[in-house]
Structures are given as C-alpha cells and as structure tokens.
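Peer 1: Here you go, model-v8.csv (CSV, C-alpha atoms):
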chain,number,residue,atom,x,y,z
A,156,MET,CA,43.2,-5.2,44.4
A,157,ASP,CA,43.1,-6.9,41.0
A,158,ASN,CA,42.5,-4.8,37.9
A,159,PRO,CA,40.4,-2.1,39.6
A,160,ARG,CA,38.1,-0.1,37.3
A,161,LEU,CA,39.5,3.4,36.8
A,162,ILE,CA,36.9,6.2,36.8
A,163,THR,CA,38.0,9.7,35.7
A,164,SER,CA,34.8,11.2,34.4
A,165,ARG,CA,31.8,12.7,36.2
A,166,ALA,CA,29.6,11.4,33.4
A,167,ASN,CA,30.4,7.8,34.4
A,168,PRO,CA,27.1,6.2,35.6
A,169,VAL,CA,28.8,4.6,38.6
A,170,PHE,CA,30.2,7.9,39.7
A,171,LYS,CA,26.8,9.5,39.3
A,172,ALA,CA,25.3,6.9,41.5
A,173,LEU,CA,28.0,7.4,44.2
A,174,SER,CA,27.6,11.2,44.0
A,175,ALA,CA,23.8,10.9,44.5
A,176,LEU,CA,24.4,8.7,47.5
A,177,VAL,CA,26.4,11.4,49.3
A,178,SER,CA,24.5,14.5,48.1
A,179,ASP,CA,21.0,13.4,48.9
A,180,ALA,CA,20.5,13.0,52.7
A,181,ARG,CA,17.5,10.7,52.1
A,182,ALA,CA,19.4,8.4,49.8
A,183,PRO,CA,21.2,6.1,52.3
A,184,ARG,CA,18.0,4.9,54.1
A,185,ARG,CA,16.1,4.7,50.8
A,186,GLU,CA,18.9,2.7,49.1
A,187,GLY,CA,19.9,0.7,52.2
A,188,ARG,CA,23.6,1.7,51.7
A,189,THR,CA,25.9,4.6,52.6
A,190,LEU,CA,29.5,5.7,52.3
A,191,ALA,CA,32.1,5.2,55.1
A,192,ASP,CA,35.0,7.5,54.3
A,193,GLY,CA,38.5,7.3,55.6
A,194,ILE,CA,41.0,4.7,56.8
A,195,HIS,CA,39.6,4.7,60.3
A,196,LEU,CA,36.0,4.0,59.3
A,197,VAL,CA,36.8,1.5,56.6
A,198,THR,CA,39.0,-0.4,59.2
A,199,ASP,CA,36.0,-0.4,61.6
A,200,CYS,CA,33.7,-1.8,58.9
A,201,PHE,CA,36.0,-4.8,58.5
A,202,THR,CA,36.5,-5.2,62.2
A,203,HIS,CA,32.8,-5.3,62.9
A,204,GLY,CA,31.8,-7.5,60.0
A,205,ILE,CA,29.8,-4.8,58.2
A,206,THR,CA,28.9,-5.8,54.6
A,207,VAL,CA,31.2,-3.8,52.2
A,208,GLN,CA,29.7,-3.6,48.8
A,209,GLN,CA,32.4,-1.6,47.1
A,210,LEU,CA,35.8,0.0,48.0
A,211,LEU,CA,36.7,3.3,46.5
A,212,VAL,CA,40.4,4.3,46.3
A,213,SER,CA,42.0,7.5,45.0
A,214,GLN,CA,44.9,7.3,42.6
A,215,SER,CA,47.2,8.8,45.2
A,216,GLY,CA,45.6,6.8,48.0
A,217,GLN,CA,46.6,3.5,46.6
A,218,LYS,CA,50.2,4.3,47.4
A,219,ASN,CA,49.4,4.6,51.1
A,220,PRO,CA,50.7,1.6,53.0
A,221,GLN,CA,47.7,1.5,55.4
A,222,ILE,CA,45.3,1.6,52.4
A,223,ALA,CA,47.3,-1.1,50.7
A,224,ALA,CA,46.9,-3.3,53.8
A,225,LEU,CA,43.2,-2.7,53.8
A,226,LEU,CA,42.9,-3.8,50.2
A,227,THR,CA,44.3,-7.2,51.0
A,228,GLN,CA,41.1,-7.7,52.9
A,229,ALA,CA,39.0,-6.9,49.9
A,230,GLU,CA,38.7,-10.3,48.4
A,231,ASN,CA,35.4,-10.6,46.4
A,232,ILE,CA,34.7,-6.9,46.9
A,233,GLU,CA,34.5,-4.7,43.9
A,234,CYS,CA,37.2,-2.0,44.0
A,235,LEU,CA,37.0,1.2,42.0
A,236,LEU,CA,40.0,3.5,41.4
A,237,LEU,CA,38.9,7.2,41.2
A,238,SER,CA,41.0,10.1,40.0
A,239,ASP,CA,42.0,12.3,43.0
A,240,ALA,CA,39.6,15.1,41.9
A,241,LEU,CA,36.6,12.7,41.7
A,242,PHE,CA,37.5,11.1,45.0
A,243,ARG,CA,37.7,14.4,46.7
A,244,GLU,CA,34.3,15.3,45.3
A,245,ILE,CA,32.8,12.1,46.7
A,246,SER,CA,34.6,12.4,50.1
A,247,GLY,CA,33.5,16.0,50.7
A,248,VAL,CA,36.6,16.8,52.8
A,249,ALA,CA,39.5,19.0,51.7
A,250,THR,CA,42.2,16.3,52.3
A,251,PRO,CA,40.7,12.9,52.1
A,252,THR,CA,42.8,9.9,53.2
A,253,GLY,CA,42.1,8.1,49.9
A,254,ILE,CA,39.8,5.2,50.7
A,255,ALA,CA,36.1,4.8,51.3
A,256,ALA,CA,33.6,1.9,51.5
A,257,VAL,CA,30.1,1.6,50.2
A,258,ILE,CA,28.4,-0.4,53.0
A,259,ALA,CA,25.1,-1.9,53.6
A,260,ILE,CA,23.1,-0.2,56.4
A,261,PRO,CA,22.4,-2.6,59.3
A,262,ALA,CA,18.8,-3.6,59.8
A,263,ILE,CA,16.8,-1.5,62.3
A,264,PRO,CA,16.7,-3.3,65.7
A,265,GLN,CA,13.4,-4.7,66.8
A,266,GLY,CA,11.8,-5.3,70.2
A,267,ALA,CA,11.7,-3.5,73.5
A,268,ILE,CA,14.6,-1.4,74.8
A,269,THR,CA,16.1,-2.5,78.1
A,270,GLY,CA,18.6,-0.5,80.1
A,271,ASP,CA,19.9,2.9,79.2
A,272,ALA,CA,18.9,4.7,76.0
A,273,VAL,CA,19.1,8.1,74.4
A,274,LEU,CA,16.1,9.5,72.4
A,275,LEU,CA,16.7,12.4,70.0
A,276,ASP,CA,13.9,14.8,69.0
A,277,ALA,CA,14.3,16.8,65.7
A,278,ILE,CA,18.1,17.3,66.0
A,279,GLN,CA,18.9,18.3,62.5
A,280,ASP,CA,22.6,19.1,62.5
A,281,ALA,CA,24.6,16.2,61.2
A,282,GLY,CA,27.7,17.1,63.2
A,283,ASN,CA,25.7,17.2,66.5
A,284,VAL,CA,24.0,13.8,65.7
A,285,GLY,CA,27.4,12.2,65.0
A,286,ALA,CA,29.0,13.7,68.1
A,287,ILE,CA,26.1,12.5,70.2
A,288,LEU,CA,26.4,8.9,68.8
A,289,ARG,CA,30.1,9.0,69.6
A,290,THR,CA,29.6,10.2,73.1
A,291,VAL,CA,26.8,7.8,73.8
A,292,ALA,CA,28.8,4.8,72.7
A,293,ALA,CA,31.8,6.0,74.8
A,294,ALA,CA,29.5,6.1,77.9
A,295,GLY,CA,28.5,2.4,77.3
A,296,ILE,CA,25.0,3.1,76.1
A,297,ARG,CA,23.9,0.9,73.2
A,298,ASP,CA,20.4,2.1,72.2
A,299,VAL,CA,19.8,5.3,70.4
A,300,VAL,CA,16.4,6.3,68.9
A,301,LEU,CA,16.0,9.2,66.4
A,302,GLY,CA,12.6,10.7,65.9
A,303,PRO,CA,11.3,12.5,62.8
A,304,GLY,CA,13.3,15.6,61.9
A,305,CYS,CA,16.6,14.3,62.9
A,306,ALA,CA,19.6,14.1,60.6
A,307,GLY,CA,19.9,10.7,59.1
A,308,ALA,CA,22.1,8.6,61.3
A,309,TRP,CA,23.7,6.7,58.4
A,310,THR,CA,24.4,9.7,56.1
A,311,PRO,CA,28.1,10.1,55.3
A,312,ARG,CA,28.4,13.3,57.4
A,313,VAL,CA,27.0,11.7,60.5
A,314,LEU,CA,29.1,8.6,60.0
A,315,ARG,CA,32.2,10.7,59.7
A,316,ALA,CA,31.4,12.6,62.9
A,317,GLY,CA,30.6,9.4,64.7
A,318,GLN,CA,34.0,8.0,64.0
A,319,GLY,CA,32.9,4.4,64.2
A,320,ALA,CA,30.4,4.7,67.1
A,321,HIS,CA,27.6,3.5,64.8
A,322,PHE,CA,29.0,-0.1,64.8
A,323,ASN,CA,28.7,-0.3,68.6
A,324,LEU,CA,25.1,1.0,68.8
A,325,ARG,CA,21.6,-0.2,68.1
A,326,ILE,CA,20.2,2.7,66.1
A,327,ARG,CA,16.5,3.2,65.4
A,328,GLU,CA,15.4,6.0,63.0
A,329,GLN,CA,12.2,7.8,62.2
A,330,ALA,CA,10.6,6.4,65.4
A,331,ASP,CA,7.6,7.5,67.3
A,332,LEU,CA,9.4,8.7,70.4
A,333,ALA,CA,6.3,8.8,72.6
A,334,ALA,CA,5.4,5.2,71.6
A,335,THR,CA,9.0,4.2,72.1
A,336,LEU,CA,9.0,5.4,75.7
A,337,LEU,CA,6.2,2.9,76.5
A,338,THR,CA,8.5,0.0,75.5
A,339,CYS,CA,11.5,1.2,77.6
A,340,SER,CA,12.1,-0.2,81.1
A,341,GLY,CA,14.3,2.7,82.3
A,342,ILE,CA,13.2,5.9,84.1
A,343,SER,CA,12.5,8.5,81.4
A,344,ALA,CA,14.2,11.9,81.9
A,345,ALA,CA,13.4,14.9,79.7
A,346,THR,CA,16.2,17.5,79.5
A,347,VAL,CA,14.8,21.0,79.7
A,348,ALA,CA,16.6,24.3,79.8
A,349,ARG,CA,15.0,25.5,83.1
A,350,ASP,CA,12.6,24.5,85.9
A,351,GLY,CA,13.7,20.8,86.0
A,352,ALA,CA,15.4,19.0,88.8
A,353,SER,CA,19.1,19.6,88.9
A,354,LEU,CA,21.0,16.8,87.1
A,355,TYR,CA,23.4,16.6,90.1
A,356,ALA,CA,20.5,16.0,92.6
A,357,LEU,CA,19.2,12.9,90.8
A,358,ASP,CA,20.0,9.3,91.4
A,359,LEU,CA,21.2,8.1,88.0
A,360,ARG,CA,22.4,4.6,89.1
A,361,GLN,CA,19.2,3.0,87.7
A,362,PRO,CA,18.6,2.6,84.0
A,363,ILE,CA,17.8,6.0,82.4
A,364,VAL,CA,16.0,6.8,79.1
A,365,TRP,CA,17.3,10.3,78.2
A,366,LEU,CA,15.3,12.6,75.9
A,367,PHE,CA,17.1,15.5,74.2
A,368,GLY,CA,15.6,18.1,71.8
A,369,ASN,CA,17.2,20.5,69.4
A,370,GLU,CA,18.8,23.8,70.6
A,371,GLY,CA,16.1,26.0,69.1
A,372,ALA,CA,12.8,24.5,70.1
A,373,GLY,CA,14.0,21.9,72.7
A,374,LEU,CA,11.8,18.8,73.3
A,375,SER,CA,8.2,18.8,72.2
A,376,ALA,CA,5.6,19.5,74.8
A,377,GLU,CA,4.2,16.0,74.2
A,378,LEU,CA,7.6,14.3,75.1
A,379,ILE,CA,8.1,16.5,78.2
A,380,ALA,CA,4.7,15.6,79.4
A,381,ALA,CA,5.3,11.9,78.7
A,382,ALA,CA,8.6,11.7,80.6
A,383,GLN,CA,8.7,10.7,84.3
A,384,GLN,CA,11.3,13.3,85.2
A,385,ARG,CA,12.4,16.7,84.0
A,386,VAL,CA,16.1,17.4,84.2
A,387,THR,CA,18.1,20.7,84.0
A,388,ILE,CA,21.8,21.1,83.8
A,389,PRO,CA,22.8,24.0,86.2
A,390,LEU,CA,24.4,26.8,84.1
A,391,ALA,CA,26.0,30.1,84.9
A,392,ALA,CA,23.5,32.9,85.1
A,393,THR,CA,24.9,34.5,82.0
A,394,SER,CA,24.3,31.3,79.9
A,395,GLU,CA,21.0,30.2,78.3
A,396,SER,CA,21.8,26.8,77.1
A,397,LEU,CA,24.4,24.3,76.0
A,398,ASN,CA,25.1,22.8,72.6
A,399,VAL,CA,23.0,19.7,72.6
A,400,ALA,CA,25.9,17.4,72.0
A,401,ALA,CA,27.6,18.9,75.0
A,402,ALA,CA,24.4,18.5,77.1
A,403,VAL,CA,24.3,14.8,76.2
A,404,ALA,CA,27.9,14.4,77.3
A,405,VAL,CA,27.3,16.1,80.6
A,406,CYS,CA,24.2,14.0,81.4
A,407,VAL,CA,25.4,10.5,80.3
A,408,PHE,CA,28.8,10.9,82.0
A,409,GLU,CA,27.2,12.1,85.2
A,410,ALA,CA,25.4,8.7,85.2
A,411,VAL,CA,28.7,7.0,84.5
A,412,ARG,CA,30.3,8.9,87.4
A,413,GLN,CA,27.6,8.0,89.9
A,414,ARG,CA,27.7,4.3,88.9
A,415,GLN,CA,31.4,4.2,89.6
Since I need it in another form, could you write the structure as structure tokens?
Peer 2:
Amino acid sequence: MDNPRLITSRANPVFKALSALVSDARAPRREGRTLADGIHLVTDCFTHGITVQQLLVSQSGQKNPQIAALLTQAENIECLLLSDALFREISGVATPTGIAAVIAIPAIPQGAITGDAVLLDAIQDAGNVGAILRTVAAAGIRDVVLGPGCAGAWTPRVLRAGQGAHFNLRIREQADLAATLLTCSGISAATVARDGASLYALDLRQPIVWLFGNEGAGLSAELIAAAQQRVTIPLAATSESLNVAAAVAVCVFEAVRQRQ
C-alpha cells in the first residue's frame, strides 16, 4: 500500500460519502456500490473477482499480518487509511478487524430461472435476509429473488450476515414475485404457518421454487394463491411459528436430505 491517504476528520468529504453509504439503506443500490467489511469478506471479494473500488484500513489494522497480505493484492486500488475511531464508525461493529472494501454491486441477473430458487416476500430484517442467503448458498441453491419490502441484499449489514454467500448467488431485488413465478420451471411451494401439506410428506427431489414471507404477516394472499403447493413445517402444539431464517433452513435442507 503506497502512500495511503490518511483520514482523521469526520468533515472529510471522502469520509462523509462513505458514512452515507453505510447509513442509508437505499444508497448501495442507488450508487451501485457497497461496503464489504472484515478480512473474510474482503478475501472473498478478491477470490471471486469482485470489482474493488477502494480499500479502507484502520491505523491499527495495518499492523495485522492478514491485512498486510491482502494489501499486496491491492495494486491499482485506492487505499485509504482511517483513524481507528473513524473506521469503527464506518464498520458499525464494536471490534472491527480493520479492513473493508468498497465494491461494485454485480449486475442483476437476467432471463428465466431454472432449477431451485428461493423467493422472499417483504422480509425486512437485515440479519434474517443475510442468514437466509448464507443458508441458501450452503444448500446449493443459486437463485434468490427479493420482492419489494425486503432489506437490501447488498447493504453492509446483510453482506456481513451473509458471510460471503452473496458471491455464490444470483440475486434479484425489487422483483415482482408473482411475475417471477411465471418464469420459473420448478414446482412453486408457498410456506404457510398452518393448513399446508406437511413438509416431510412432499417429494422434494424435483426442482422447487420456495416462497417465504415475513414472520408477522407471512406471504401475501396473492403469492399463496399463485403457488402450486402450500407447505407447513410441523411444529409442537405450543409453538406458533419459526424464525423465517430457521424455516428456510429446515425446508431447503429437507430437500437436500431427500436428494441424497
């Protein structure tokens, strides 16, 4: 890292732009860029050939051997050195690792979806969306579609929760989910809290297009009606519902189990 630019003031225009990128949930998609924070995510960016526009390093972080090794890959990438206090403010975590990358958000995939997919309806919690993306990628599913009302897939909080899953997925955002269903080749399965077929009674060896709604309202009536199958996870009589990220894990890994 040759002669990095040191930033120590919140009044610095570059810092203001970075701060706006992480504080405004709409900024990443509007600007076409986002912040990948931490050694693990930055490493994944380089591994998957993601366009890195800037590298941010804290003053204490530059002494970390892992970060020093990453910086050797930063040829022709602008590097900014931030005071520890400013870096912590950008990172948003109590003990940041000391490196982050401003990356270009990949283009939204085009064309019909073939094979398995997961469609998310108005899931607003960033932690849940990130956990779902991580689970879906681990199950070998590649297509995820987020409808209006979902937390932005490429916001820093969702990226952090996804732990690199984004780079193994084809993510579509702000999509018309009902219209998307018409382009999918798999059997559509709407998850409902009750009165659906038991998950464990279904044949999931064929391609499945899963639909999940938020924990409060669930899936919209329109999407439930549009799906070919209603699916319910059997729960104990004393339980009303599962966390949506947990429900996704149960469903997609039941399909994995059956296929093995």
Peer 1: Compile the contact shell of Ser340 (chain A) as an mmCIF file with C-alpha atoms, in the frame of the given file: residues with an atom at most 8 Å away, counting only C-alpha atoms, same-chain residues fewer than 6 positions apart removed.
Peer 2:
data_model
loop_
_atom_site.group_PDB
_atom_site.id
_atom_site.type_symbol
_atom_site.label_atom_id
_atom_site.label_comp_id
_atom_site.auth_asym_id
_atom_site.auth_seq_id
_atom_site.Cartn_x
_atom_site.Cartn_y
_atom_site.Cartn_z
ATOM 1 C CA ILE A 268 14.600 -1.400 74.800
ATOM 2 C CA THR A 269 16.100 -2.500 78.100
ATOM 3 C CA GLY A 270 18.600 -0.500 80.100
ATOM 4 C CA PRO A 362 18.600 2.600 84.000
#
Peer 1: Quick one: everything within 12 Å of Gln279 (chain A), counting only C-alpha atoms, minus sequence neighbours fewer than 6 positions away in the same chain. Send it as a PDB file with C-alpha atoms, in the coordinates of the input.
Peer 2:
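Contents of part35.pdb, freshly written:
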ATOM      1  CA  ALA A 180      20.500  13.000  52.700  1.00  0.00           C
ATOM      2  CA  GLY A 285      27.400  12.200  65.000  1.00  0.00           C
ATOM      3  CA  LEU A 301      16.000   9.200  66.400  1.00  0.00           C
ATOM      4  CA  GLY A 302      12.600  10.700  65.900  1.00  0.00           C
ATOM      5  CA  PRO A 303      11.300  12.500  62.800  1.00  0.00           C
ATOM      6  CA  GLY A 304      13.300  15.600  61.900  1.00  0.00           C
ATOM      7  CA  CYS A 305      16.600  14.300  62.900  1.00  0.00           C
ATOM      8  CA  ALA A 306      19.600  14.100  60.600  1.00  0.00           C
ATOM      9  CA  GLY A 307      19.900  10.700  59.100  1.00  0.00           C
ATOM     10  CA  ALA A 308      22.100   8.600  61.300  1.00  0.00           C
ATOM     11  CA  ARG A 312      28.400  13.300  57.400  1.00  0.00           C
ATOM     12  CA  VAL A 313      27.000  11.700  60.500  1.00  0.00           C
ATOM     13  CA  GLY A 368      15.600  18.100  71.800  1.00  0.00           C
ATOM     14  CA  ASN A 369      17.200  20.500  69.400  1.00  0.00           C
ATOM     15  CA  GLU A 370      18.800  23.800  70.600  1.00  0.00           C
ATOM     16  CA  GLY A 371      16.100  26.000  69.100  1.00  0.00           C
ATOM     17  CA  ALA A 372      12.800  24.500  70.100  1.00  0.00           C
ATOM     18  CA  GLY A 373      14.000  21.900  72.700  1.00  0.00           C
ATOM     19  CA  VAL A 399      23.000  19.700  72.600  1.00  0.00           C
ATOM     20  CA  ALA A 400      25.900  17.400  72.000  1.00  0.00           C
TER      21      ALA A 400
END
Peer 1: CA of Glu377 (chain A) and CA of Val411 (chain A), how far apart in Å?
Peer 2: 28.1 Å
Peer 1: Restricting the calculation to all atoms listed in the file: of A:Ile278, A:Ile363, A:Leu357, A:Val291, which residue gets closest to Ser375 (chain A)?
Peer 2: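 The answer is A:Ile278, which sits nearest to Ser375 (chain A).
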Peer 1: Considering only C-alpha atoms, can you say which of A:Thr163, A:Thr310, A:Ser215, A:Gln383 comes closest to Ile258 (chain A)?
Peer 2: A:Thr310
Peer 1: For Arg184 (chain A), list every protein, DNA or RNA residue within 12 Å, evaluated using only C-alpha atoms, and leave out those in the same chain fewer than 3 positions away; present the list as a VMD selection string.
Peer 2: chain A and resid 176 to 177 179 to 181 187 to 190 258 to 263 306 to 311 327 to 329
Peer 1: Of the candidates A:Ala281, A:Ala293, A:Val407, A:Leu337, which shows the shortest atom-to-atom distance to Ala316 (chain A), using all atoms listed in the file?
Peer 2: A:Ala281
Peer 1: Rank nothing, just name the residue among A:Ala333, A:Val284, A:Val364, A:Ala352 nearest to Ala401 (chain A), using only C-alpha atoms.
Peer 2: A:Val284
Peer 1: In Å, rounded to a single decimal, give me how far CA of Gln413 (chain A) is from CA of Leu359 (chain A).
Peer 2: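 Computing it gives 6.7 Å between the two atoms.
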Peer 1: Find the distance between CA of Pro389 (chain A) and CA of Ala344 (chain A) and write it in Å to one decimal.
Peer 2: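 Separation between CA of Pro389 (chain A) and CA of Ala344 (chain A): 15.5 Å.
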Peer 1: For Ala255 (chain A), find every residue with an atom within 6 Å (counting all atoms listed in the file), except residues of its own chain fewer than 6 positions away, and show them as a VMD selection string.
Peer 2: chain A and resid 191 to 193 210 to 211
Peer 1: Restricting it to C-alpha atoms, dump the selection as a PDB file, in the frame of the given file.
Peer 2:
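Once everything was written out, this is part06.pdb:
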ATOM      1  CA  ALA A 191      32.100   5.200  55.100  1.00  0.00           C
ATOM      2  CA  ASP A 192      35.000   7.500  54.300  1.00  0.00           C
ATOM      3  CA  GLY A 193      38.500   7.300  55.600  1.00  0.00           C
ATOM      4  CA  LEU A 210      35.800   0.000  48.000  1.00  0.00           C
ATOM      5  CA  LEU A 211      36.700   3.300  46.500  1.00  0.00           C
TER       6      LEU A 211
END
Peer 1: At a cut-off of 6 Å, using all atoms listed in the file, what residues contact region 348-351 of chain A? Leave out same-chain residues fewer than 6 positions from it and give the result as a count of residues only.
Peer 2: 3
Peer 1: Of the residues A:Cys200, A:Ala392, A:Leu235, A:Val212, which is the one nearest to Pro159 (chain A), using only C-alpha atoms?
Peer 2: A:Leu235
Peer 1: Between A:Leu173, A:Ala229, A:Leu378, A:Ala292, which one has atoms that come closest to Asp276 (chain A), using only C-alpha atoms?
Peer 2: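 Checking each candidate against Asp276 (chain A), we get A:Leu378 as the closest.
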Peer 1: With 12 Å as the threshold, what does the neighbourhood of (38.2, 1.9, 58.3) contain in terms of residues, counting all atoms listed in the file? Coordinates are those of the file; answer as a VMD selection string.
Peer 2: chain A and resid 190 to 205 207 210 to 211 221 to 222 224 to 226 228 252 to 258 314 to 315 318 to 319 322
